[in-house]
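K.L.:
Next up is a structure, given as structure tokens.
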Amino acid sequence: MPPPWFMIRVQELTNGSGDYIAQLLWQRGITEPDTLAGFLKPQLYQPSSPFAFGTEMTRAVHRLQRAWEQGEKVTIWGDFDCDGITATAVLWEGLKHWLSGPEQLTYFIPNRLTDSHGLSNSGLDRLAALGCSLVLTCDTGSTNHPEIVYARQLGIDVIVTDHHTLPDERPEVVAIINPRYLSNDHPLYHLSGVAVAYKLVEALYQTFPEQFHQPVDSLLGLVAIGLIADLVQLSGDCRYLAQLGLQQLQRGFERKKQGNSPPGITQLMKLCQKTGDRPSDISFGLAPRMNAVSRIKGNAHFCVELLTTQDEQRAHQLANETETLNFRRQILQKELRQQMNPHLNQLDLSTTGIIILADVGWNPGILGLVAGQIAEEYSRPVILLGMEETGESSPHPTIARGSARSYGGIDLYQLLKHESHLLCKFGGHPLAAGLSLPVDNLPIFKESMNIRIRQLTSGTGEGNIRVTMKADLVVTVADLGSALFQALKWLEPCGMGNPPPRLLIRNCWFTSTEQNWTPDKHFPKIRYPKTEFQLWDESVTARGFSGIWWGHTPQDIPKERCDAILELYPDLRNSAYQVRLIAVRPTVNLVKPPFTSDWLVDLRGEAGYRSTDNHPSNGREEDQSIYVNQCPTSWSELNGLFRQAVDAQKRVLLAYHLPHPSPPIEIWRQLVGIAKYLDRTGEGTTVETLQSYLSLSKPTIQAGLDALKAFGFKMEITPQGQIQILGYDVMTQVQKAEWSVITQRLTDIIQEEQFRRQYFSQVPLATIQSMGFG
């Protein structure tokens with residue numbers, strides 16, 4: 001449990017929202033007083049100065065000042081996804097009055113279907129012909145070194161604002177404002193393209209306050225849309241900007257004057273039946289519709305107008321057109337997914353670590369969406385490519401171009417970087433990427449990618465990549481409802497780095513299961529399955545709690561008692577709350593000792609109890625008790641102790657203490673240090689000694705030994721159980737990229753065990769009894 005001072009402070013900041021939010025914040029490392037206040041209340045957060053980008057930001061401001069003073073033509077070069085569109089809109093809205101409107105300022109967005117991400121020579125030629133002398137990129141440009149050199153030859157200066165991967169050398173630009181140049185713990189490090197653009201506008205507003213007549217924070221609604229749509233980590237300034245932006249969107253939807261939300265955003269939210277108060281309204285409402293424009297039409301220029309126009313009639317027209325394009329996107333996505341089935345049916349999934357498919361005629365604008373669907377269905381990363389002819393002048397007459405989606409924490413960007421010699425072009429981030437390559441390279445590309453995937457997944461090549469599902473809180477059905485929901489809302493906006501809380505309910509059961517079908521909004525004949533149910537456990541007797549399991553039928557609901565992971569959501573239809581089921585598993589068959597109520601004694605808080613050979617040393621009835629001095633890690637472990645108690649007709653004394661674990665990465669370093677010491681001295685150790693020294697269970701120690709072997713330590717275990725280190729083979733070390741995967745896998749295992757020990761060190765006695773132990 002968090003310390004008392006922390007609980008009190010959280011109660012003060014959240015108006016008494018209870019202990020659950022305090023526990024979540026503590027688990028997620030939001031523990032410092034200043035950090036805590038700013039996390040919960042944006043008005044208490046101290047945002048970073050835009051000049052934290054240093055001389056790059058100063059150069060950009062000075063160059064834009066010169067453009068303003070000399071009346072130069074400036075072009076905003078954006079990108080065609082939601083982050084790039086909103087970034088373009090932020091720069092347009094922030095600069096259009098200062099730079100004399102369309103006469104001096106214009107914007108350009110590449111065509112998704114015919115152009116690639118980033119700058120292009122053909123686009124720069126068009127801008128040079130129009131007299132443009134300064135290009136201001138947003139959400140793109142960091143790696144466009146050849147195009148930047150070409151722009152200089154045309155007499156065009158370039159300022160890059162971006163957040164994507166940095167080039168090996170700084171490009172020859174006036175300025176490059178990219179948070180990747182900052183340390184990875186900097187509050188600005190995770191900014192998306194729209195947020196970087198906002199910081200540039202903020203710097204200009206601070207430098208020339210007399211030249212700007214609208215508050216810079218009037219742009220925060222646009223910033224929130226791009227931030228959340230781009231799935232960046234919502235921490236530091238990202239969270240702060242998203243919090244304020246969501247508040248602004250909500251006010252705008254409610255048509256309050258202070259909201260200052262453009263009518264196009266309001267119209268689009270109405271069409272997708274959202275209100276703008278939750279991140280999911282953007283993730284599943286606004287963002288897919290805005291992305292659909294370039295996926296289907298290619299050209300996303302009118303999206304910027306949709307986000308910025310103050311003309312109600314024009315906003316209504318553009319919002320309806322966006323909805324129509326999204327409707328078309330849904331049709332094409334369903335058709336393309338069906339076209340994949342013959343290809344998928346031919347795969348040998350036992351030897352396929354990453355699915356790579358290519359065919360002629362596949363719409364490149366839809367491939368990323370379908371790749372994401374298949375990755376979830378088949379539990380593997382997926383790359384889908386459309387093949388197209390490029391013409392006789394190209395060195396490669398046929399190119400495969402498409403999108404990749406990750407699964408199970410695999411870093412796609414690093415995988416593609418290893419194979420860059422086979423590619424024409426690639427870009428993206430660990431979860432999603434775009435790429436193109438000559439069709440002739442496809443066979444070797446598939447083989448090489450599968451080899452690397454097998455190396456990253458311990459070389460098994462068997463079945464799906466296993467993803468561990470973790471719960472944030474253990475609750476009962478009686479805990480569900482408005483009070484818990486309001487407490488959990490303090491975590492929002494949730495996203496990367498701050499996921500929605502998942503709740504675990506143990507020993508529960510379902511009644512009133514009923515299959516229903518939700519018709520597609522545009523295709524009434526297409527229906528999506530869902531199962532509605534009532535959820536029960538021992539904490540409720542009068543009525544269960546309503547819930548839904550999307551994509552499942554009643555046959556998937558266990559008939560017996562089970563454990564369930566779920567999320568709590570508002571039910572807008574009934575102005576209430578419901579659960580969305582995420583996963584179920586069989587519950588542990590628990591033993592109920594046939595004793596009186598005093599069979600289980602809680603001594604965890606008593607300082608006078610200590611261990612001597614698993615027995616209390618202060619004269620209490622040792623012979624009548626089983627003394628538990630090591631904190632368990634599972635209900636099964638406790639259940640084993642209770643079976644012993646049943647067999648021996650003894651009481652169980654819980655006398656372990658609150659663990660104070662070291663950080664998982666520090667434990668790993670200690671284990672490596674022990675291995676090096678044993679190698680140097682020739683001494684040996686045992687699993688039991690490592691367990692005691694590192695405060696870990698036997699399975700976790702074994703996982704640590706396996707990791708040492710993967711790192712090149714030669715190991716032998718004698719018949720007496722002594723672990724001997726026989727050297728360190730440098731020649732067999734895994735590559736650096738694979739080190740991080742192995743380390744992350746082990747630290748995840750350690751963190752999971754620490755979480756379990758933390759839980760069992762504080763789980764109430766009543767909870768243990770309600771599980772069937774007493």
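Chain labels A, B, ... are given in the sequence in which chains occur in the structure tokens; within each chain residues are numbered consecutively from 1, and ligands are likewise numbered from 1 in the order shown.
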List every residue of stretch 9-258 of chain A that DSSP, applied to the backbone of this structure, assigns to helix (DSSP H, G or I), and report them as an MDAnalysis selection string.
P.N.:
chainID A and resid 9:13 19:27 33:40 42:44 50:53 55:70 82:95 101:103 121:129 145:153 179:181 193:207 209:211 216:229 237:253 257:258
K.L.:
Hey, what does DSSP flag as strand (DSSP E or B) within stretch 221-360 of chain A? Can you give it to me as a PyMOL selection string?
P.N.:
chain A and resi 233+355-360
K.L.:
Atoms to include: N, CA, C and O atoms. Write the selected residues as a PDB file, in the first residue's frame.
P.N.:
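Done, and the output landed in part.pdb:
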ATOM      1  N   GLN A 233       3.348   8.569 -25.996  1.00  0.00           N
ATOM      2  CA  GLN A 233       3.248   8.362 -24.555  1.00  0.00           C
ATOM      3  C   GLN A 233       2.724   9.618 -23.887  1.00  0.00           C
ATOM      4  O   GLN A 233       3.318  10.690 -23.987  1.00  0.00           O
ATOM      5  N   ILE A 355       3.930 -12.270 -40.369  1.00  0.00           N
ATOM      6  CA  ILE A 355       3.148 -12.481 -41.590  1.00  0.00           C
ATOM      7  C   ILE A 355       3.474 -11.371 -42.580  1.00  0.00           C
ATOM      8  O   ILE A 355       3.294 -10.186 -42.275  1.00  0.00           O
ATOM      9  N   ILE A 356       3.963 -11.749 -43.760  1.00  0.00           N
ATOM     10  CA  ILE A 356       4.275 -10.781 -44.820  1.00  0.00           C
ATOM     11  C   ILE A 356       3.551 -11.232 -46.078  1.00  0.00           C
ATOM     12  O   ILE A 356       3.832 -12.306 -46.620  1.00  0.00           O
ATOM     13  N   LEU A 357       2.604 -10.425 -46.535  1.00  0.00           N
ATOM     14  CA  LEU A 357       1.811 -10.753 -47.709  1.00  0.00           C
ATOM     15  C   LEU A 357       1.902  -9.619 -48.717  1.00  0.00           C
ATOM     16  O   LEU A 357       1.991  -8.444 -48.351  1.00  0.00           O
ATOM     17  N   ALA A 358       1.863  -9.976 -50.011  1.00  0.00           N
ATOM     18  CA  ALA A 358       1.914  -8.963 -51.072  1.00  0.00           C
ATOM     19  C   ALA A 358       1.066  -9.428 -52.245  1.00  0.00           C
ATOM     20  O   ALA A 358       0.976 -10.625 -52.533  1.00  0.00           O
ATOM     21  N   ASP A 359       0.417  -8.471 -52.904  1.00  0.00           N
ATOM     22  CA  ASP A 359      -0.375  -8.788 -54.091  1.00  0.00           C
ATOM     23  C   ASP A 359      -0.594  -7.519 -54.887  1.00  0.00           C
ATOM     24  O   ASP A 359      -0.403  -6.401 -54.383  1.00  0.00           O
ATOM     25  N   VAL A 360      -1.019  -7.701 -56.117  1.00  0.00           N
ATOM     26  CA  VAL A 360      -1.277  -6.574 -57.016  1.00  0.00           C
ATOM     27  C   VAL A 360      -2.652  -5.995 -56.691  1.00  0.00           C
ATOM     28  O   VAL A 360      -3.603  -6.728 -56.424  1.00  0.00           O
TER      29      VAL A 360
END
K.L.:
For A:Tyr759, which of A:Thr681, A:Thr633, A:Thr457, A:Gln702 is the closest residue, counting only C-alpha atoms?
P.N.:
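Smallest separation from A:Tyr759 among the options: A:Thr633.
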K.L.:
Find the spatial neighbours of A:Leu503, counting only C-alpha atoms, within a cut-off of 7 Å - ignore same-chain residues fewer than 6 positions away - and output them as a ChimeraX atom specification.
P.N.:
/A:471-475,565-567
K.L.:
Let me see the file: selected residues, N, CA, C and O atoms, as a PDB file, in the first residue's frame.
P.N.:
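Output saved as selection-v6.pdb:
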ATOM      1  N   ALA A 471      -3.384  -7.122 -14.724  1.00  0.00           N
ATOM      2  CA  ALA A 471      -4.447  -6.323 -14.117  1.00  0.00           C
ATOM      3  C   ALA A 471      -3.815  -5.256 -13.230  1.00  0.00           C
ATOM      4  O   ALA A 471      -2.749  -5.456 -12.644  1.00  0.00           O
ATOM      5  N   ASP A 472      -4.493  -4.118 -13.136  1.00  0.00           N
ATOM      6  CA  ASP A 472      -3.999  -3.021 -12.309  1.00  0.00           C
ATOM      7  C   ASP A 472      -4.539  -3.081 -10.890  1.00  0.00           C
ATOM      8  O   ASP A 472      -3.861  -2.685  -9.942  1.00  0.00           O
ATOM      9  N   LEU A 473      -5.784  -3.526 -10.758  1.00  0.00           N
ATOM     10  CA  LEU A 473      -6.427  -3.563  -9.451  1.00  0.00           C
ATOM     11  C   LEU A 473      -7.214  -4.853  -9.292  1.00  0.00           C
ATOM     12  O   LEU A 473      -7.797  -5.349 -10.269  1.00  0.00           O
ATOM     13  N   VAL A 474      -7.262  -5.371  -8.090  1.00  0.00           N
ATOM     14  CA  VAL A 474      -8.164  -6.469  -7.749  1.00  0.00           C
ATOM     15  C   VAL A 474      -9.350  -5.863  -7.023  1.00  0.00           C
ATOM     16  O   VAL A 474      -9.192  -5.191  -5.995  1.00  0.00           O
ATOM     17  N   VAL A 475     -10.543  -6.049  -7.579  1.00  0.00           N
ATOM     18  CA  VAL A 475     -11.752  -5.478  -7.005  1.00  0.00           C
ATOM     19  C   VAL A 475     -12.820  -6.559  -6.900  1.00  0.00           C
ATOM     20  O   VAL A 475     -12.648  -7.682  -7.383  1.00  0.00           O
ATOM     21  N   ILE A 565     -10.843 -10.308 -16.241  1.00  0.00           N
ATOM     22  CA  ILE A 565     -10.239  -8.981 -16.387  1.00  0.00           C
ATOM     23  C   ILE A 565     -11.202  -8.134 -17.204  1.00  0.00           C
ATOM     24  O   ILE A 565     -11.707  -8.559 -18.249  1.00  0.00           O
ATOM     25  N   LEU A 566     -11.440  -6.934 -16.746  1.00  0.00           N
ATOM     26  CA  LEU A 566     -12.424  -6.072 -17.401  1.00  0.00           C
ATOM     27  C   LEU A 566     -12.032  -4.613 -17.259  1.00  0.00           C
ATOM     28  O   LEU A 566     -11.135  -4.253 -16.499  1.00  0.00           O
ATOM     29  N   GLU A 567     -12.722  -3.776 -18.017  1.00  0.00           N
ATOM     30  CA  GLU A 567     -12.592  -2.326 -17.905  1.00  0.00           C
ATOM     31  C   GLU A 567     -13.970  -1.746 -17.634  1.00  0.00           C
ATOM     32  O   GLU A 567     -14.984  -2.296 -18.073  1.00  0.00           O
TER      33      GLU A 567
END
K.L.:
Using only C-alpha atoms, find the one residue out of A:Cys132, A:Ala655, A:Leu124, A:Ala229 that sits nearest to A:Glu72.
P.N.:
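Of the candidates, the smallest distance to A:Glu72 is held by A:Cys132.
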K.L.:
With distances taken over only C-alpha atoms, which residue among A:Asn184, A:Ser692, A:Thr309, A:Ser697 lies nearest A:Gly236?
P.N.:
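Looking at the shortest contact to A:Gly236, the residue is A:Asn184.
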